[in-house]
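Visitor: For reference, this is final00.txt, and it has compact mmCIF, C-alpha atoms.
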# COMPACT_ATOMS: atom_id res chain seq x y z
CA MET Q 606 -57.25 129.84 53.67
CA SER Q 607 -59.28 126.91 52.52
CA GLY Q 608 -57.09 125.62 49.72
CA GLN Q 609 -57.06 128.89 47.80
CA THR Q 610 -53.78 130.26 46.56
CA LEU Q 611 -53.05 133.80 45.65
CA SER Q 612 -52.72 134.51 41.99
CA SER Q 613 -49.30 135.63 40.92
CA SER Q 614 -50.42 139.20 40.17
CA GLU Q 615 -52.44 139.41 43.37
CA TYR Q 616 -49.47 138.27 45.45
CA THR Q 617 -47.08 140.58 43.59
CA TYR Q 618 -49.37 143.56 44.20
CA TRP Q 619 -49.75 142.72 47.90
CA LEU Q 620 -46.00 142.21 48.33
CA ARG Q 621 -45.27 145.55 46.64
CA GLU Q 622 -47.78 147.26 48.94
CA LEU Q 623 -46.32 145.53 52.01
CA LYS Q 624 -42.77 146.60 51.08
CA SER Q 625 -43.96 150.16 50.50
CA ARG Q 626 -45.62 150.31 53.92
CA PHE Q 627 -42.53 148.86 55.59
CA SER Q 628 -40.21 151.32 53.82
CA SER Q 629 -42.44 154.19 54.88
CA LEU Q 630 -42.29 153.04 58.51
CA GLN Q 631 -38.51 152.67 58.32
CA LEU Q 632 -38.22 156.25 57.09
CA LYS Q 633 -40.51 157.53 59.85
CA ALA Q 634 -38.44 155.67 62.46
CA THR Q 635 -35.19 157.08 61.05
CA ILE Q 636 -36.57 160.62 61.14
CA ALA Q 637 -37.76 160.14 64.73
CA VAL Q 638 -34.35 158.82 65.83
CA ASN Q 639 -32.50 161.64 64.05
CA THR Q 640 -34.77 164.27 65.58
CA THR Q 641 -34.25 162.77 69.04
CA LEU Q 642 -30.47 162.73 68.56
CA LEU Q 643 -30.51 166.35 67.40
CA GLN Q 644 -32.46 167.24 70.53
CA PHE Q 645 -29.88 165.40 72.64
CA TYR Q 646 -26.95 167.15 70.93
CA TRP Q 647 -28.71 170.52 71.31
CA GLU Q 648 -29.17 169.92 75.04
CA LEU Q 649 -25.58 168.65 75.33
CA GLY Q 650 -24.37 171.91 73.79
CA GLN Q 651 -26.42 173.84 76.32
CA ASP Q 652 -24.98 171.73 79.16
CA ILE Q 653 -21.42 172.21 77.94
CA VAL Q 654 -21.79 175.99 77.75
CA ALA Q 655 -23.40 176.10 81.20
CA LYS Q 656 -20.70 173.94 82.77
CA GLN Q 657 -17.96 176.04 81.25
CA GLN Q 658 -19.58 179.29 82.39
CA ASN Q 659 -20.72 178.22 85.86
CA HIS Q 660 -17.72 176.10 86.83
CA ALA Q 661 -14.92 177.76 84.86
CA TRP Q 662 -14.20 174.47 83.10
CA GLY Q 663 -11.92 175.01 80.11
CA ASP Q 664 -11.47 172.99 76.94
CA GLY Q 665 -9.68 170.28 78.94
CA PHE Q 666 -13.11 169.34 80.21
CA LEU Q 667 -14.23 168.71 76.62
CA ALA Q 668 -11.26 166.41 75.99
CA GLN Q 669 -12.10 164.43 79.14
CA LEU Q 670 -15.79 164.28 78.22
CA SER Q 671 -14.91 163.09 74.74
CA GLN Q 672 -12.68 160.32 76.12
CA ASP Q 673 -15.29 159.18 78.62
CA LEU Q 674 -18.18 159.15 76.13
CA ARG Q 675 -16.14 157.43 73.42
CA ARG Q 676 -15.02 154.77 75.88
CA GLU Q 677 -18.65 154.13 76.90
CA TYR Q 678 -20.06 154.33 73.35
CA PRO Q 679 -17.25 153.30 70.96
CA GLU Q 680 -19.65 152.75 68.06
CA ILE Q 681 -20.91 156.36 68.18
CA LYS Q 682 -18.84 158.76 66.08
CA GLY Q 683 -20.43 161.96 67.41
CA PHE Q 684 -18.40 162.26 70.61
CA SER Q 685 -15.02 163.27 69.24
CA LEU Q 686 -13.44 166.39 70.72
CA ARG Q 687 -14.01 168.22 67.45
CA ASN Q 688 -17.72 167.27 67.38
CA LEU Q 689 -18.19 168.31 71.00
CA LYS Q 690 -16.76 171.72 70.11
CA TYR Q 691 -19.15 171.95 67.16
CA ILE Q 692 -22.05 170.92 69.41
CA ARG Q 693 -21.11 173.67 71.87
CA ILE Q 694 -20.81 176.28 69.10
CA ASN Q 695 -24.10 175.27 67.48
CA TRP Q 696 -25.91 175.76 70.76
CA ALA Q 697 -24.09 179.01 71.55
CA THR Q 698 -25.02 180.46 68.15
CA GLY Q 699 -28.56 179.08 68.08
CA CYS Q 700 -27.85 176.96 65.02
CA CYS Q 701 -30.00 173.87 64.94
CA PRO Q 702 -32.28 173.49 61.92
CA ILE Q 703 -34.68 171.18 63.76
CA ILE Q 704 -34.69 172.50 67.32
CA ALA Q 705 -34.28 176.25 66.83
CA PRO Q 706 -34.35 178.53 63.81
CA CYS Q 707 -30.96 179.22 62.31
CA ASN Q 708 -29.77 182.73 62.95
CA CYS Q 709 -26.23 182.36 61.61
CA ALA Q 710 -25.49 184.74 58.76
CA THR Q 711 -23.38 182.13 56.97
CA GLY Q 712 -25.54 179.07 57.69
CA CYS Q 713 -25.90 176.54 60.45
CA PHE Q 714 -22.83 174.48 59.68
CA ALA Q 715 -20.40 177.19 58.61
CA ILE Q 716 -19.08 177.68 62.11
CA THR Q 717 -15.32 177.31 61.79
CA GLN Q 718 -14.89 181.10 61.92
CA HIS Q 719 -16.95 181.48 65.09
CA PRO Q 720 -15.16 183.28 67.97
CA LEU Q 721 -15.43 180.18 70.17
CA GLY Q 722 -13.47 178.25 67.54
CA PRO Q 723 -14.18 174.84 66.01
Translate this file's structure into structure tokens.

Guide:
Amino acid sequence: MSGQTLSSSEYTYWLRELKSRFSSLQLKATIAVNTTLLQFYWELGQDIVAKQQNHAWGDGFLAQLSQDLRREYPEIKGFSLRNLKYIRINWATGCCPIIAPCNCATGCFAITQHPLGP
């Protein structure tokens, strides 16, 4: 700029618009990451069920998987044994609000009474 300065109101308006655009992009990025993680967890549930059916791996396999994933990704809270069981159950019941339509009579996250257990 050739010596011009922005007026206070002009700068304030531009800054507000800039912050709004940035916030919108942050939200879009968060949604994209969450959708991608849901897809990963959905596929993980499918893998767990397949491994347990095709290889006769019991729940001990889930405990080992939980240990290994938590050791590799200690900052990620989603790999506890309990969560892996929930991931397996969600896939087995078709309960994922983003990936597949929910067909659970009691809702997607009310799975503690499912025959496979929590």

Visitor: Between CA of Leu689 (chain Q) and CA of Leu667 (chain Q), what is the distance in Å, rounded to a tenth?

Guide: 6.9 Å

Visitor: Any idea what's packed within 12 Å of Val654 (chain Q), counting all atoms listed in the file, ignoring anything in its chain fewer than 3 positions away? Could you give it as an MDAnalysis selection string?

Guide: chainID Q and resid 647:651 657:664 666:667 689:698 721

Visitor: So what do you get for CA of Arg621 (chain Q) versus CA of Thr635 (chain Q), distance-wise?

Guide: 21.0 Å

Visitor: Please compute the CA of Phe684 (chain Q)-CA of Ser671 (chain Q) distance, one decimal, in Å.

Guide: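 Straight-line distance from CA of Phe684 (chain Q) to CA of Ser671 (chain Q) works out to 5.5 Å.
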
Visitor: Counting only C-alpha atoms, figure out which residue out of Q:Ser612, Q:Asn639, Q:Thr617, Q:Ser685 gets nearest to Asp673 (chain Q).

Guide: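 Result for the nearest residue to Asp673 (chain Q): Q:Ser685.
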
Visitor: Which residue, Q:Tyr678, Q:Ser613, Q:Leu670, Q:Leu620, has the smallest gap to Ile653 (chain Q) when you use all atoms listed in the file?

Guide: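 Closest candidate: Q:Leu670.
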
Visitor: Enclose region 642-651 of chain Q, meaning all of its atoms listed in the file, in a box aligned along x, y and z, pad it by 3 Å on each side, and list the centre and edge lengths in Å to one decimal, as JSON.

Guide:
{"center_x": -28.4, "center_y": 168.3, "center_z": 71.9, "size_x": 14.1, "size_y": 17.1, "size_z": 14.9}
